[in-house]
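**Q** File follows, data-v8.txt with compact mmCIF, C-alpha atoms:
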# COMPACT_ATOMS: atom_id res chain seq x y z
CA MET G 1 -11.22 -36.65 -32.23
CA GLU G 2 -8.51 -35.04 -34.33
CA LYS G 3 -4.92 -35.57 -33.54
CA PRO G 4 -3.07 -32.37 -32.65
CA LEU G 5 -0.06 -31.61 -34.79
CA VAL G 6 2.69 -31.40 -32.21
CA PHE G 7 6.36 -30.89 -32.88
CA GLU G 8 9.27 -30.40 -30.56
CA LEU G 9 11.75 -27.55 -30.60
CA PHE G 10 14.37 -26.55 -27.98
CA GLY G 11 12.94 -29.21 -25.68
CA LEU G 12 9.51 -27.54 -25.77
CA LYS G 13 6.45 -28.97 -27.37
CA PHE G 14 4.62 -26.82 -29.88
CA ASP G 15 1.11 -27.39 -31.18
CA LEU G 16 0.91 -26.15 -34.72
CA VAL G 17 -2.86 -25.53 -34.58
CA GLY G 18 -2.57 -22.97 -31.86
CA ILE G 19 0.48 -21.33 -33.34
CA VAL G 20 -0.90 -20.97 -36.84
CA GLY G 21 -4.33 -19.84 -35.60
CA SER G 22 -3.07 -17.32 -33.08
CA THR G 23 -0.49 -15.89 -35.45
CA LEU G 24 -3.05 -15.52 -38.21
CA MET G 25 -5.50 -13.83 -35.87
CA ALA G 26 -2.83 -11.59 -34.40
CA LEU G 27 -2.05 -10.43 -37.92
CA ALA G 28 -5.76 -9.96 -38.60
CA VAL G 29 -6.19 -7.85 -35.47
CA LEU G 30 -3.11 -5.83 -36.34
CA PHE G 31 -4.19 -5.18 -39.93
CA ILE G 32 -7.71 -4.28 -38.95
CA CYS G 33 -6.44 -1.91 -36.28
CA ILE G 34 -4.03 -0.28 -38.70
CA TRP G 35 -6.68 -0.11 -41.40
CA LEU G 36 -9.17 1.48 -39.04
CA SER G 37 -6.68 4.03 -37.72
CA ARG G 38 -5.03 5.10 -40.95
CA LYS G 39 -6.31 8.65 -40.67
CA VAL G 40 -6.78 9.83 -37.12
CA GLU G 41 -8.57 13.15 -37.00
CA MET G 42 -10.15 15.44 -34.45
CA LYS G 43 -13.45 15.05 -36.28
CA PRO G 44 -13.57 11.27 -36.56
CA ASN G 45 -14.24 9.55 -39.88
CA LYS G 46 -16.23 6.34 -40.14
CA LYS G 47 -13.33 3.95 -39.64
CA GLN G 48 -12.02 5.91 -36.71
CA ASN G 49 -15.51 5.85 -35.23
CA VAL G 50 -15.55 2.05 -35.30
CA LEU G 51 -12.19 1.89 -33.57
CA GLU G 52 -13.21 4.52 -31.03
CA TYR G 53 -16.41 2.65 -30.32
CA LEU G 54 -14.45 -0.55 -29.63
CA LEU G 55 -11.98 1.37 -27.50
CA ASP G 56 -14.78 3.01 -25.55
CA PHE G 57 -16.33 -0.41 -25.04
CA THR G 58 -13.17 -1.98 -23.59
CA ASN G 59 -12.37 1.20 -21.64
CA GLY G 60 -15.83 0.92 -20.15
CA ILE G 61 -15.05 -2.62 -18.98
CA VAL G 62 -11.82 -1.39 -17.40
CA LYS G 63 -13.39 1.64 -15.73
CA ASP G 64 -16.28 -0.38 -14.32
CA ASN G 65 -14.01 -2.88 -12.60
CA VAL G 66 -10.76 -1.11 -11.81
CA SER G 67 -11.07 1.97 -9.63
CA ASP G 68 -7.35 2.75 -9.58
CA GLU G 69 -6.73 5.61 -12.03
CA ALA G 70 -3.07 4.83 -12.70
CA ALA G 71 -3.82 1.19 -13.51
CA GLN G 72 -6.72 2.13 -15.76
CA LYS G 73 -4.48 3.75 -18.33
CA HIS G 74 -2.23 0.71 -18.69
CA LEU G 75 -5.12 -1.73 -18.62
CA SER G 76 -6.96 0.14 -21.36
CA LEU G 77 -4.50 -1.14 -23.96
CA TYR G 78 -4.39 -4.62 -22.44
CA ALA G 79 -8.16 -4.95 -22.38
CA PHE G 80 -8.51 -3.68 -25.93
CA VAL G 81 -5.91 -6.02 -27.43
CA LEU G 82 -7.05 -8.97 -25.32
CA PHE G 83 -10.67 -8.49 -26.35
CA MET G 84 -9.87 -8.16 -30.05
CA PHE G 85 -7.44 -11.07 -30.02
CA ILE G 86 -9.72 -13.48 -28.17
CA TRP G 87 -12.74 -12.44 -30.20
CA PHE G 88 -10.93 -13.14 -33.44
CA MET G 89 -9.57 -16.45 -32.19
CA ASN G 90 -13.06 -17.45 -31.08
CA GLN G 91 -14.49 -16.76 -34.52
CA LEU G 92 -11.68 -18.39 -36.50
CA GLY G 93 -12.93 -21.96 -36.06
CA LEU G 94 -16.42 -21.05 -37.14
CA PHE G 95 -15.61 -20.41 -40.75
CA LEU G 96 -12.24 -22.02 -41.19
CA GLU G 97 -11.24 -25.51 -40.22
CA VAL G 98 -8.37 -26.87 -42.19
CA LYS G 99 -7.53 -30.51 -41.86
CA VAL G 100 -4.50 -32.10 -43.42
CA GLY G 101 -4.99 -35.85 -43.44
CA GLU G 102 -5.66 -36.86 -39.86
CA ASN G 103 -4.18 -33.67 -38.50
CA MET G 104 -6.02 -30.50 -37.72
CA LEU G 105 -4.17 -27.47 -39.08
CA ILE G 106 -6.45 -24.49 -38.47
CA LYS G 107 -9.25 -24.10 -35.95
CA SER G 108 -10.03 -21.79 -33.04
CA PRO G 109 -6.94 -21.66 -30.85
CA THR G 110 -9.23 -20.92 -27.93
CA ALA G 111 -10.81 -24.36 -28.29
CA ASP G 112 -7.66 -25.63 -26.64
CA PRO G 113 -7.17 -25.37 -22.85
CA VAL G 114 -3.48 -24.57 -23.23
CA THR G 115 -4.34 -21.40 -25.12
CA THR G 116 -6.96 -20.20 -22.70
CA MET G 117 -4.72 -21.09 -19.77
CA SER G 118 -1.93 -19.05 -21.31
CA PHE G 119 -4.14 -16.00 -21.44
CA ALA G 120 -5.54 -16.63 -17.98
CA MET G 121 -1.97 -17.01 -16.73
CA MET G 122 -1.12 -13.68 -18.34
CA THR G 123 -3.98 -12.01 -16.50
CA LEU G 124 -2.97 -13.69 -13.27
CA LEU G 125 0.64 -12.54 -13.56
CA LEU G 126 -0.53 -9.08 -14.50
CA SER G 127 -2.77 -8.95 -11.44
CA PHE G 128 0.22 -9.94 -9.25
CA THR G 129 2.29 -7.22 -10.87
CA PHE G 130 -0.33 -4.56 -10.35
CA GLY G 131 -0.94 -5.69 -6.78
CA VAL G 132 2.74 -5.58 -5.88
CA GLN G 133 3.13 -2.25 -7.65
CA ARG G 134 0.24 -0.81 -5.67
CA PHE G 135 0.92 -2.16 -2.18
CA GLY G 136 4.55 -3.33 -2.29
CA ALA G 137 5.50 -6.99 -1.93
CA GLY G 138 4.78 -7.09 1.81
CA GLY G 139 1.50 -5.26 1.57
CA TYR G 140 0.45 -7.44 -1.31
CA LEU G 141 1.10 -10.64 0.62
CA LYS G 142 -0.67 -9.19 3.64
CA ASN G 143 -3.77 -8.67 1.51
CA TYR G 144 -4.13 -12.45 1.33
CA SER G 145 -5.12 -12.49 4.98
CA ALA G 146 -7.57 -9.63 4.52
CA PRO G 147 -10.11 -8.82 5.77
CA VAL G 148 -9.63 -11.52 8.47
CA GLY G 149 -6.78 -13.95 9.02
CA PHE G 150 -8.64 -17.22 8.72
CA LEU G 151 -9.57 -16.38 5.12
CA LEU G 152 -5.92 -16.88 4.10
CA PRO G 153 -6.39 -20.40 2.68
CA VAL G 154 -9.58 -19.34 0.91
CA ASN G 155 -7.80 -16.38 -0.68
CA ILE G 156 -4.95 -18.59 -1.85
CA ILE G 157 -7.29 -21.21 -3.26
CA GLU G 158 -9.18 -18.41 -4.97
CA GLU G 159 -6.14 -17.66 -7.10
CA PHE G 160 -6.23 -21.17 -8.52
CA THR G 161 -9.97 -21.26 -8.96
CA ASN G 162 -9.91 -17.85 -10.64
CA PHE G 163 -7.26 -19.09 -13.01
CA LEU G 164 -9.08 -22.34 -13.78
CA THR G 165 -12.56 -20.87 -14.17
CA LEU G 166 -11.29 -18.04 -16.31
CA SER G 167 -9.49 -20.35 -18.70
CA LEU G 168 -11.83 -23.33 -18.72
CA ARG G 169 -14.97 -21.25 -19.22
CA LEU G 170 -13.61 -19.84 -22.44
CA TYR G 171 -12.19 -23.18 -23.54
CA GLY G 172 -15.40 -25.07 -22.77
CA ASN G 173 -17.65 -22.68 -24.65
CA ILE G 174 -15.57 -22.51 -27.79
CA TYR G 175 -14.67 -26.20 -27.74
CA ALA G 176 -18.29 -27.23 -27.34
CA GLY G 177 -19.28 -24.95 -30.18
CA GLU G 178 -16.70 -26.49 -32.46
CA VAL G 179 -17.59 -30.03 -31.44
CA LEU G 180 -21.22 -29.46 -32.23
CA LEU G 181 -20.35 -27.81 -35.52
CA THR G 182 -18.12 -30.76 -36.41
CA LEU G 183 -20.86 -33.18 -35.42
CA ILE G 184 -23.38 -31.43 -37.64
CA GLY G 185 -20.97 -31.15 -40.53
CA ASN G 186 -19.13 -34.45 -40.37
CA ASN G 187 -21.54 -36.87 -38.75
CA LEU G 188 -25.10 -35.64 -39.27
CA ALA G 189 -24.85 -34.36 -42.80
CA PRO G 190 -23.56 -37.47 -44.58
CA SER G 191 -25.40 -39.98 -42.38
CA LEU G 192 -28.51 -40.52 -44.53
CA GLY G 193 -27.60 -38.91 -47.78
CA ILE G 194 -29.41 -35.95 -49.28
CA PRO G 195 -32.23 -35.47 -46.68
CA THR G 196 -29.82 -35.04 -43.80
CA LEU G 197 -27.55 -32.90 -45.98
CA ILE G 198 -30.47 -30.49 -46.51
CA LEU G 199 -31.34 -30.65 -42.83
CA ALA G 200 -27.74 -30.09 -41.72
CA ALA G 201 -27.19 -26.90 -43.73
CA PRO G 202 -29.63 -24.64 -41.82
CA LEU G 203 -28.69 -26.30 -38.54
CA ALA G 204 -25.02 -25.54 -39.12
CA MET G 205 -25.92 -22.01 -40.10
CA ILE G 206 -27.97 -21.46 -36.97
CA TRP G 207 -25.30 -22.94 -34.79
CA GLN G 208 -22.61 -20.82 -36.44
CA GLY G 209 -24.63 -17.70 -35.81
CA PHE G 210 -25.13 -18.73 -32.23
CA SER G 211 -21.42 -19.47 -31.90
CA VAL G 212 -20.54 -15.99 -33.13
CA PHE G 213 -22.72 -14.72 -30.32
CA ILE G 214 -21.15 -17.10 -27.80
CA GLY G 215 -17.65 -16.19 -28.97
CA SER G 216 -18.39 -12.49 -28.50
CA ILE G 217 -19.94 -13.02 -25.09
CA GLN G 218 -17.02 -15.19 -23.99
CA ALA G 219 -14.47 -12.65 -25.16
CA TYR G 220 -16.38 -10.00 -23.23
CA VAL G 221 -16.64 -12.22 -20.15
CA PHE G 222 -12.96 -13.10 -20.30
CA VAL G 223 -11.87 -9.47 -20.46
CA THR G 224 -14.38 -8.44 -17.80
CA LEU G 225 -13.29 -11.13 -15.36
CA SER G 226 -9.65 -10.34 -16.04
CA MET G 227 -10.36 -6.77 -15.08
CA VAL G 228 -12.33 -7.86 -12.03
CA TYR G 229 -9.41 -9.96 -10.79
CA ILE G 230 -6.89 -7.22 -11.46
CA GLY G 231 -9.20 -4.61 -9.98
CA LYS G 232 -9.53 -6.65 -6.81
CA LYS G 233 -5.75 -6.66 -6.43
CA VAL G 234 -5.36 -2.91 -6.65
CA THR G 235 -8.15 -1.88 -4.31
CA LYS G 236 -7.90 -1.96 -0.58
CA GLU G 237 -10.58 -4.04 1.03
CA MET D 1 -8.03 -36.91 -24.10
CA THR D 2 -8.90 -33.61 -22.48
CA PHE D 3 -7.87 -34.91 -19.09
CA ASN D 4 -4.64 -36.10 -20.61
CA ILE D 5 -3.92 -32.62 -21.85
CA LEU D 6 -4.88 -31.11 -18.55
CA PHE D 7 -3.04 -33.33 -16.16
CA ALA D 8 -0.24 -35.15 -17.96
CA ALA D 9 2.61 -32.69 -17.84
CA SER D 10 4.42 -34.37 -20.69
CA ASP D 11 1.51 -33.73 -23.01
CA ILE D 12 1.23 -29.99 -22.37
CA TYR D 13 2.82 -28.03 -25.13
CA LEU D 14 4.40 -25.24 -23.13
CA GLY D 15 5.92 -23.91 -26.29
CA ASN D 16 2.51 -22.62 -27.25
CA THR D 17 2.21 -20.62 -24.06
CA ILE D 18 5.49 -18.90 -24.77
CA TRP D 19 4.46 -18.36 -28.35
CA TYR D 20 1.18 -16.80 -27.25
CA LEU D 21 2.89 -14.53 -24.78
CA ILE D 22 5.38 -13.34 -27.37
CA THR D 23 2.70 -12.92 -30.03
CA PHE D 24 0.47 -11.05 -27.63
CA ALA D 25 3.29 -8.78 -26.48
CA ILE D 26 4.29 -7.95 -30.05
CA LEU D 27 0.65 -7.44 -31.01
CA MET D 28 0.15 -5.14 -28.04
CA LEU D 29 3.20 -3.07 -28.95
CA LEU D 30 2.21 -2.77 -32.60
CA VAL D 31 -1.42 -1.97 -31.84
CA LYS D 32 -0.28 0.60 -29.32
CA HIS D 33 1.98 2.20 -31.85
CA TYR D 34 -0.37 2.16 -34.82
CA ALA D 35 -3.88 2.28 -33.46
CA TRP D 36 -4.40 2.53 -29.73
CA GLY D 37 -1.86 5.29 -29.12
CA PRO D 38 -2.97 7.78 -31.77
CA VAL D 39 -6.67 7.11 -31.28
CA SER D 40 -6.51 7.35 -27.49
CA GLU D 41 -4.50 10.52 -27.78
CA MET D 42 -7.03 11.96 -30.19
CA MET D 43 -9.89 10.95 -27.93
CA GLU D 44 -8.18 12.63 -25.00
CA LYS D 45 -7.50 15.70 -27.12
CA ARG D 46 -11.12 15.78 -28.20
CA ARG D 47 -12.21 15.44 -24.58
CA GLN D 48 -10.02 18.39 -23.64
CA LYS D 49 -11.34 20.37 -26.58
CA VAL D 50 -14.93 19.67 -25.62
CA ILE D 51 -14.18 20.75 -22.05
CA GLU D 52 -12.50 23.90 -23.32
CA ASP D 53 -15.33 24.63 -25.71
CA LEU D 54 -17.89 24.17 -23.00
CA ASP D 55 -15.91 26.42 -20.69
CA SER D 56 -15.49 29.11 -23.29
CA ALA D 57 -19.16 28.87 -24.21
CA ALA D 58 -20.10 29.33 -20.58
CA ASP D 59 -17.71 32.26 -20.39
CA ALA D 60 -19.16 33.81 -23.52
CA ARG D 61 -22.67 33.41 -22.20
CA LYS D 62 -21.71 35.00 -18.91
CA LYS D 63 -20.07 37.87 -20.75
CA ALA D 64 -23.11 38.33 -22.96
CA GLU D 65 -25.33 38.33 -19.91
CA ILE D 66 -23.20 40.97 -18.22
CA LEU D 67 -23.22 43.01 -21.40
CA ALA D 68 -26.98 42.76 -21.72
CA ASN D 69 -27.40 43.79 -18.10
CA GLU D 70 -25.10 46.72 -18.63
CA ARG D 71 -26.98 47.78 -21.72
CA GLU D 72 -30.28 47.52 -19.95
CA ALA D 73 -28.94 49.54 -17.05
CA ALA D 74 -27.56 52.14 -19.44
CA LEU D 75 -30.91 52.32 -21.22
CA LYS D 76 -32.71 52.75 -17.93
CA ASN D 77 -30.18 55.37 -16.90
CA SER D 78 -30.52 57.30 -20.12
CA ARG D 79 -34.29 57.21 -19.84
CA GLN D 80 -34.03 58.56 -16.33
CA GLU D 81 -31.59 61.16 -17.48
CA ALA D 82 -33.87 62.25 -20.28
CA THR D 83 -36.74 62.59 -17.87
CA LYS D 84 -34.54 64.54 -15.51
CA ILE D 85 -33.33 66.83 -18.27
CA LEU D 86 -36.88 67.42 -19.38
CA SER D 87 -38.09 68.17 -15.89
CA ASP D 88 -35.07 70.35 -15.25
CA ALA D 89 -35.75 72.33 -18.39
CA LYS D 90 -39.37 72.74 -17.45
CA GLU D 91 -38.44 73.89 -13.99
CA ASN D 92 -35.84 76.24 -15.35
CA ALA D 93 -38.32 77.73 -17.79
CA GLN D 94 -40.86 78.16 -15.04
CA LYS D 95 -38.27 79.77 -12.84
CA THR D 96 -37.03 82.05 -15.57
CA SER D 97 -40.51 83.14 -16.51
CA THR D 98 -41.37 83.83 -12.89
CA GLU D 99 -38.17 85.77 -12.53
CA ILE D 100 -38.86 87.79 -15.63
CA VAL D 101 -42.40 88.58 -14.52
CA THR D 102 -41.22 89.49 -11.05
CA ALA D 103 -38.46 91.69 -12.43
CA ALA D 104 -40.90 93.39 -14.76
CA ASN D 105 -43.32 93.94 -11.90
CA THR D 106 -40.62 95.34 -9.70
CA GLU D 107 -39.40 97.61 -12.42
CA ALA D 108 -42.88 98.81 -13.15
CA VAL D 109 -43.46 99.51 -9.50
CA SER D 110 -40.18 101.33 -9.18
CA ILE D 111 -40.88 103.35 -12.34
CA ARG D 112 -44.26 104.33 -10.98
CA LYS D 113 -42.80 105.25 -7.64
CA LYS D 114 -40.15 107.26 -9.32
CA ALA D 115 -42.73 109.02 -11.45
CA GLU D 116 -44.89 109.67 -8.42
CA ALA D 117 -41.94 111.06 -6.52
CA GLU D 118 -40.98 113.23 -9.45
CA ALA D 119 -44.52 114.48 -9.77
CA LYS D 120 -44.58 115.26 -6.07
CA VAL D 121 -41.28 117.07 -6.30
CA ALA D 122 -42.50 119.03 -9.32
CA LYS D 123 -45.74 119.92 -7.55
CA SER D 124 -44.03 121.09 -4.40
CA LYS D 125 -41.52 123.00 -6.47
CA ALA D 126 -44.32 124.66 -8.38
CA LEU D 127 -46.10 125.54 -5.14
CA GLU D 128 -42.90 126.96 -3.77
CA ASP D 129 -42.40 128.95 -6.91
CA ALA D 130 -45.95 130.18 -6.72
CA ARG D 131 -45.53 131.11 -3.10
CA GLN D 132 -42.35 132.98 -3.97
CA GLU D 133 -44.16 134.70 -6.80
CA VAL D 134 -47.04 135.63 -4.51
CA ALA D 135 -44.64 137.06 -2.04
CA ASN D 136 -42.87 139.00 -4.75
CA ILE D 137 -46.12 140.19 -6.19
CA SER D 138 -47.37 141.09 -2.76
CA VAL D 139 -44.27 143.13 -2.26
CA ALA D 140 -44.76 144.73 -5.68
CA ILE D 141 -48.39 145.44 -4.86
CA ALA D 142 -47.48 146.77 -1.55
CA GLU D 143 -45.00 149.04 -3.26
CA LYS D 144 -47.59 150.15 -5.73
CA VAL D 145 -50.11 150.68 -2.94
CA ILE D 146 -47.66 152.68 -1.04
CA ALA D 147 -46.81 154.67 -4.18
CA LYS D 148 -50.43 155.36 -5.07
CA ASN D 149 -52.90 155.61 -2.25
CA LEU D 150 -55.50 153.24 -2.87
CA SER D 151 -58.95 152.95 -1.66
CA ALA D 152 -60.20 149.94 0.13
CA GLU D 153 -62.15 149.24 -2.98
CA ASP D 154 -59.07 149.33 -5.10
CA GLN D 155 -57.23 147.23 -2.61
CA LYS D 156 -59.84 144.56 -2.73
CA ASP D 157 -59.91 144.67 -6.51
CA LEU D 158 -56.22 144.38 -6.61
CA VAL D 159 -56.16 141.39 -4.36
CA ASP D 160 -58.97 139.74 -6.25
CA GLN D 161 -57.24 140.36 -9.49
CA PHE D 162 -54.13 138.92 -8.13
CA ILE D 163 -55.79 135.83 -6.82
CA LYS D 164 -57.60 135.44 -10.12
CA GLY D 165 -54.33 135.67 -11.89
CA LEU D 166 -52.93 133.13 -9.54
CA ASN D 167 -55.64 130.70 -10.34
CA ASP D 168 -55.08 131.03 -14.07
Transcribe the structure of this file into structure tokens.
**A**
Amino acid sequence: MEKPLVFELFGLKFDLVGIVGSTLMALAVLFICIWLSRKVEMKPNKKQNVLEYLLDFTNGIVKDNVSDEAAQKHLSLYAFVLFMFIWFMNQLGLFLEVKVGENMLIKSPTADPVTTMSFAMMTLLLSFTFGVQRFGAGGYLKNYSAPVGFLLPVNIIEEFTNFLTLSLRLYGNIYAGEVLLTLIGNNLAPSLGIPTLILAAPLAMIWQGFSVFIGSIQAYVFVTLSMVYIGKKVTKE
Amino acid sequence: MTFNILFAASDIYLGNTIWYLITFAILMLLVKHYAWGPVSEMMEKRRQKVIEDLDSAADARKKAEILANEREAALKNSRQEATKILSDAKENAQKTSTEIVTAANTEAVSIRKKAEAEAKVAKSKALEDARQEVANISVAIAEKVIAKNLSAEDQKDLVDQFIKGLND
């Protein structure tokens, strides 16, 4: 197991892996978005088509799960950026793992529970905000005892389980993918010399391809569940 | 190790969470400004345009349909009118010809009547004249007879002659 590169600033601990990875991927998302939307026209060109397809895809997720029209418009941007960002962070570790000495420098930020919990927390806070905006603080709190009073503890526990499942599902999938990739690359390949090296190459390739698939599915699942949770808060039961 | 990260509060690098939130917020703003905003706006504009185009196409089709109906009705009308005009003309011609024939007949009849009446008048006038003449002649004969004593034979001859002359 690699040692995380942690440093302390203003009394807060920072993990360099997550910061470098997320910042890099945020820049990548930004540049790709800007590159794809350089010329926006009524008759879309190829690049615009790609962007519009992605936007339609995330808008579809929002529309399927959130019935409130006013919330849909705001969530469209959130879902789009969240999907792009998480997808890119999922894929980062597949082709780039930079290790400096004992310390990991670059890998998927989403292979770290703190990262996924941050995003799950964001969704959770957003769902609170939308719920309070829709029903008012009192109405929102009353919804915890809906449809019947004795479900109150279940509804409260659900908030925690939602948060944990949302974050840990993403973390587990990406982390497992990276662990297996590391095992193939670091442990299997050099174990018996050239034969295992030849064996490890296609295995790593297959697993990388599969991980791209898993990363995409997990990004989709994360965004979809985020929308489901938010959608549940803005609809009356 | 994982459990350590999860449950030991001192090990959790909260700084990252803040960093992610800030990064995500900035990313969202920039993407909204550069990509999401313009593209969404364009998509909405295109949606509106498609709706408008569909509406106007439906309008145009409706208009064309109305126009076609009108044209068809006009064509039907004009055909009817033509038939009517033709039949009217035929009728008129028939009527006029009948009138002309009738008028001619009437005129002919009246001319004949007139001629007949004239002939009658002429005949009666002639008879009257003849009667007058006979009377005159009778008087003249009577005078002559009185002037020259005639025999019964002469008298008869005279009368015969006279009647003969009358017949000529």
**Q** D:Ala140, D:Ala35, D:Lys62, D:Val50: which is nearest G:Trp35, counting only C-alpha atoms?
**A**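 For G:Trp35, the nearest of the given residues is D:Ala35.
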**Q** Looking at G:Asn173, G:Ser118, G:Ser108, G:Ser22, which one is nearest to G:Phe213, with distances taken over only C-alpha atoms?
**A**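 Using only C-alpha atoms, G:Phe213 sits closest to G:Asn173.
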**Q** Using all atoms listed in the file, can you tell me which of D:Val31, D:Ile137, D:Leu14, D:Leu21 comes closest to G:Phe31?
**A**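 Nearest to G:Phe31: D:Val31.
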**Q** Which neighbours of D:Lys49 fall inside 10 Å, counting only C-alpha atoms, when residues of the same chain fewer than 6 positions from it are skipped, and could you give them as a list in words?
**A** Met42 of chain G; Met43 and Asp55 of chain D
**Q** Can I get the selection written as a compact mmCIF listing (two decimals), in the coordinates of the input, with C-alpha atoms?
**A**
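Wrote it out as result-v6.txt, contents follow:
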# COMPACT_ATOMS: atom_id res chain seq x y z
CA MET G 42 -10.15 15.44 -34.45
CA MET D 43 -9.89 10.95 -27.93
CA ASP D 55 -15.91 26.42 -20.69
**Q** Which residue, G:Ala137, G:Ile217, G:Leu152, G:Leu199, has the smallest gap to G:Gln91 when you use all atoms listed in the file?
**A**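 With all atoms listed in the file as the atom set, the closest residue is G:Ile217.
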**Q** Residues of chain D were defined as contacting chain G if any atom lay at most 7 Å from it, counting only C-alpha atoms; please report them as a count of residues only.
**A** 16
**Q** Hey, can you check how far atom CA of G:Ala71 sits from atom CA of G:Val154?
**A**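 Pair atom CA of G:Ala71 / atom CA of G:Val154 returns 25.7 Å.
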**Q** Have a look at atom CA of G:Leu126 and atom CA of D:Leu30 and let me know their distance in Å, one decimal.
**A**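 Atom CA of G:Leu126 sits 19.4 Å away from atom CA of D:Leu30.
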**Q** One decimal, Å: what's the distance from atom CA of G:Arg134 over to atom CA of D:Leu29, could you say?
**A** 23.6 Å
**Q** Keeping just all heavy atoms, export stretch 63-68 of chain D of this structure as a short mmCIF file (atom, residue, chain, number, x, y, z; two decimals), in the first residue's frame.
**A**
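Resulting contents of decode_23.cif:
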data_model
loop_
_atom_site.label_atom_id
_atom_site.label_comp_id
_atom_site.auth_asym_id
_atom_site.auth_seq_id
_atom_site.Cartn_x
_atom_site.Cartn_y
_atom_site.Cartn_z
N LYS D 63 -53.30 26.78 -45.03
CA LYS D 63 -53.60 27.83 -46.00
C LYS D 63 -53.70 27.23 -47.40
O LYS D 63 -54.62 27.55 -48.17
CB LYS D 63 -52.49 28.88 -45.96
CG LYS D 63 -53.02 30.22 -45.45
CD LYS D 63 -51.90 31.24 -45.44
CE LYS D 63 -51.82 31.93 -44.11
NZ LYS D 63 -50.56 32.67 -43.96
N ALA D 64 -52.74 26.38 -47.72
CA ALA D 64 -52.72 25.78 -49.05
C ALA D 64 -53.99 24.95 -49.27
O ALA D 64 -54.59 24.97 -50.36
CB ALA D 64 -51.48 24.89 -49.19
N GLU D 65 -54.38 24.25 -48.21
CA GLU D 65 -55.59 23.44 -48.32
C GLU D 65 -56.80 24.31 -48.60
O GLU D 65 -57.61 24.02 -49.48
CB GLU D 65 -55.80 22.70 -46.99
CG GLU D 65 -56.08 21.23 -47.16
CD GLU D 65 -55.90 20.52 -45.84
OE1 GLU D 65 -56.71 20.76 -44.94
OE2 GLU D 65 -54.93 19.73 -45.72
N ILE D 66 -56.89 25.42 -47.83
CA ILE D 66 -58.02 26.33 -48.01
C ILE D 66 -58.02 26.86 -49.44
O ILE D 66 -59.05 26.91 -50.12
CB ILE D 66 -57.93 27.49 -47.00
CG1 ILE D 66 -58.24 26.98 -45.61
CG2 ILE D 66 -58.90 28.61 -47.38
CD1 ILE D 66 -57.97 27.97 -44.52
N LEU D 67 -56.80 27.24 -49.89
CA LEU D 67 -56.66 27.78 -51.23
C LEU D 67 -57.11 26.77 -52.28
O LEU D 67 -57.86 27.09 -53.22
CB LEU D 67 -55.19 28.17 -51.48
CG LEU D 67 -54.99 29.49 -52.20
CD1 LEU D 67 -55.43 30.64 -51.32
CD2 LEU D 67 -53.54 29.63 -52.60
N ALA D 68 -56.67 25.54 -52.10
CA ALA D 68 -57.02 24.49 -53.06
C ALA D 68 -58.53 24.28 -53.07
O ALA D 68 -59.14 24.17 -54.15
CB ALA D 68 -56.31 23.20 -52.68
#
